[in-house]
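Peer 1: First the structure, which I've put down as structure tokens, then a few questions once you've had a look.
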Amino acid sequence: MDPARPGPAEFAALFDGEAPGLLRYLGRRVGPAAPDLLSETFAVAIAGRDGFDPDRGDARGWLYGIAGNLLRRHLRQEDRGLRATARAFSLDAAGDGAILAERVAGQVDAARRVSQLAGRIADLSAGDRDVLLLTAWAELDSAEVAAALNIPVGTVRSRLHRVRRQLRSHEAGLSAAPSSQEVDDDRI
């Protein structure tokens with residue numbers, strides 16, 4: 001087999017091996033559009049098999065790179081969704097917060113944290129978000145992320161370290177903020 005032009009059997013094996021993980025990753029990124037993007041990823045891979053360079057990495061990284069390029073078309077939609085989530089779960093401290101029952105205070109606090117984290121992820125640059133989500137959701141290692149994004153491994157590690165530090169710092173700030181129960185107690 002010519003490694004630059006894999007045939008149907010090789011693509012079938014590649015699909016069988018990589019499609020489940022790729023579908024999980026795409027599903028986490030774009031939800032119901034994931035199967036369509038998975039199909040498009042393999043269609044692009046088959047059409048562009050001449051562009052596959054085995055010296056630059058394995059087929060897994062190549063496929064995630066193709067999927068990443070296709071995902072970029074969805075980034076605006078993803079940004080809107082994350083921002084909508086942030087708005088939907090945010091609390092209006094001056095509004096209905098005082099009438100929340102004690103039994104849902106924990107859920108409200110969790111929803112607030114989710115909304116703030118979603119907003120923080122939406123605020124990340126596209127490159128930082130791709131590194132974070134390829135690592136966290138697709139469970140790719142640094143070398144695979146580097147191959148998928150066509151960037152050096154050191155850049156992947158640097159971005160991932162920076163993003164994790166920023167999110168930990170943000171989470172520490174959330175832990176220091178008063179819970180909704182404490183806010184309600186202050187109003188009484």
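Chain identifiers are assigned as A, B, and so on, following the order in which chains appear in the structure tokens; residues are numbered from 1 within each chain, and ligands are numbered from 1 in order of appearance.
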Just want the 12 Å neighbourhood of segment 33-49 of chain A, counted on only C-alpha atoms, with same-chain residues fewer than 2 positions away dropped. Output as a VMD selection string.

Peer 2: chain A and resid 2 to 12 14 to 16 18 to 31 51 to 54 59 to 74 77 to 78

Peer 1: With only C-alpha atoms as the counted atoms, please give the residues lying no more than 8 Å from Ala146 of chain A, apart from itself and same-chain residues fewer than 5 positions off, as a PyMOL selection string.

Peer 2: chain A and resi 61+151-153+155-156

Peer 1: Taking C-alpha atoms for each residue, export the selection above as a PDB file, in the first residue's frame.

Peer 2:
ATOM      1  CA  GLY A  61      -3.635  13.647  14.472  1.00  0.00           C
ATOM      2  CA  ILE A 151       1.618  23.793  15.801  1.00  0.00           C
ATOM      3  CA  PRO A 152       4.712  22.826  17.811  1.00  0.00           C
ATOM      4  CA  VAL A 153       4.290  20.556  20.857  1.00  0.00           C
ATOM      5  CA  THR A 155       3.153  25.696  21.980  1.00  0.00           C
ATOM      6  CA  VAL A 156       0.476  23.166  22.934  1.00  0.00           C
TER       7      VAL A 156
END

Peer 1: Residues within 12 Å of segment 159-163 of chain A, please, as a PyMOL selection string. Count only C-alpha atoms; anything in the same chain fewer than 2 positions from it doesn't count.

Peer 2: chain A and resi 120-121+123-136+141-142+145-146+151-157+165-170

Peer 1: For the selection just defined, write its residues with N, CA and C atoms to a file, as a compact mmCIF listing (two decimals), in the first residue's frame.

Peer 2:
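File produced: part.txt:
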# COMPACT_ATOMS: atom_id res chain seq x y z
N ARG A 120 -16.04 32.03 30.59
CA ARG A 120 -14.57 32.08 30.53
C ARG A 120 -14.04 31.28 29.34
N ILE A 121 -14.63 30.12 29.09
CA ILE A 121 -14.20 29.30 27.95
C ILE A 121 -14.53 30.03 26.65
N ASP A 123 -14.55 33.13 26.21
CA ASP A 123 -13.64 34.27 26.09
C ASP A 123 -12.23 33.86 25.65
N LEU A 124 -11.90 32.56 25.72
CA LEU A 124 -10.58 32.11 25.30
C LEU A 124 -10.40 32.35 23.81
N SER A 125 -9.16 32.54 23.42
CA SER A 125 -8.88 32.63 21.99
C SER A 125 -9.21 31.28 21.36
N ALA A 126 -9.45 31.27 20.07
CA ALA A 126 -9.79 30.03 19.37
C ALA A 126 -8.68 28.99 19.54
N GLY A 127 -7.44 29.42 19.47
CA GLY A 127 -6.32 28.49 19.62
C GLY A 127 -6.25 27.89 21.01
N ASP A 128 -6.43 28.73 22.04
CA ASP A 128 -6.41 28.23 23.41
C ASP A 128 -7.58 27.29 23.66
N ARG A 129 -8.77 27.64 23.15
CA ARG A 129 -9.95 26.81 23.33
C ARG A 129 -9.75 25.46 22.65
N ASP A 130 -9.19 25.47 21.43
CA ASP A 130 -8.95 24.21 20.72
C ASP A 130 -8.01 23.30 21.50
N VAL A 131 -6.92 23.87 22.03
CA VAL A 131 -5.96 23.07 22.81
C VAL A 131 -6.65 22.50 24.04
N LEU A 132 -7.39 23.32 24.77
CA LEU A 132 -8.08 22.86 25.98
C LEU A 132 -9.07 21.75 25.67
N LEU A 133 -9.91 21.94 24.67
CA LEU A 133 -10.97 20.97 24.41
C LEU A 133 -10.46 19.71 23.72
N LEU A 134 -9.43 19.82 22.89
CA LEU A 134 -8.83 18.60 22.32
C LEU A 134 -8.19 17.76 23.41
N THR A 135 -7.62 18.42 24.41
CA THR A 135 -7.00 17.70 25.53
C THR A 135 -8.06 17.13 26.46
N ALA A 136 -9.04 17.96 26.84
CA ALA A 136 -10.03 17.54 27.84
C ALA A 136 -11.10 16.62 27.27
N ASP A 141 -3.11 13.56 23.49
CA ASP A 141 -1.92 14.01 24.20
C ASP A 141 -1.34 15.23 23.47
N SER A 142 -0.32 15.82 24.05
CA SER A 142 0.24 17.06 23.49
C SER A 142 0.72 16.88 22.05
N VAL A 145 -2.36 16.75 19.78
CA VAL A 145 -2.95 18.08 19.64
C VAL A 145 -2.10 18.92 18.69
N ALA A 146 -0.79 18.83 18.85
CA ALA A 146 0.12 19.58 17.98
C ALA A 146 -0.08 19.19 16.52
N ILE A 151 0.79 22.88 15.01
CA ILE A 151 1.62 23.79 15.80
C ILE A 151 2.64 22.96 16.57
N PRO A 152 3.71 23.59 17.05
CA PRO A 152 4.71 22.83 17.81
C PRO A 152 4.16 22.29 19.13
N VAL A 153 4.71 21.17 19.60
CA VAL A 153 4.29 20.56 20.86
C VAL A 153 4.51 21.53 22.01
N GLY A 154 5.59 22.28 21.98
CA GLY A 154 5.86 23.25 23.04
C GLY A 154 4.78 24.31 23.13
N THR A 155 4.24 24.71 21.99
CA THR A 155 3.15 25.70 21.98
C THR A 155 1.91 25.11 22.61
N VAL A 156 1.63 23.84 22.33
CA VAL A 156 0.48 23.17 22.93
C VAL A 156 0.63 23.16 24.45
N ARG A 157 1.79 22.75 24.94
CA ARG A 157 2.00 22.66 26.38
C ARG A 157 1.93 24.03 27.04
N ARG A 165 -4.05 27.49 34.25
CA ARG A 165 -3.75 28.45 35.31
C ARG A 165 -4.83 29.53 35.38
N GLN A 166 -5.26 30.03 34.22
CA GLN A 166 -6.31 31.05 34.20
C GLN A 166 -7.62 30.51 34.76
N LEU A 167 -8.00 29.30 34.37
CA LEU A 167 -9.25 28.73 34.85
C LEU A 167 -9.18 28.40 36.34
N ARG A 168 -8.02 27.93 36.83
CA ARG A 168 -7.87 27.68 38.27
C ARG A 168 -7.97 28.98 39.04
N SER A 169 -7.34 30.02 38.54
CA SER A 169 -7.40 31.33 39.18
C SER A 169 -8.83 31.83 39.22
N HIS A 170 -9.55 31.65 38.12
CA HIS A 170 -10.96 32.06 38.06
C HIS A 170 -11.78 31.24 39.05

Peer 1: How many Å separate atom CA of Gly17 of chain A from atom CA of Gly57 of chain A?

Peer 2: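 One can read the atom CA of Gly17 of chain A to atom CA of Gly57 of chain A distance as 16.3 Å.
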
Peer 1: So how far away is atom CA of Leu117 of chain A from atom CA of Ala138 of chain A, in Å?

Peer 2: 19.1 Å

Peer 1: So, counting only C-alpha atoms, which residue among A:Ala118, A:Leu140, A:Ser158, A:Arg164 is closest to Gly81 of chain A?

Peer 2: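 For Gly81 of chain A, the nearest of the given residues is A:Ala118.
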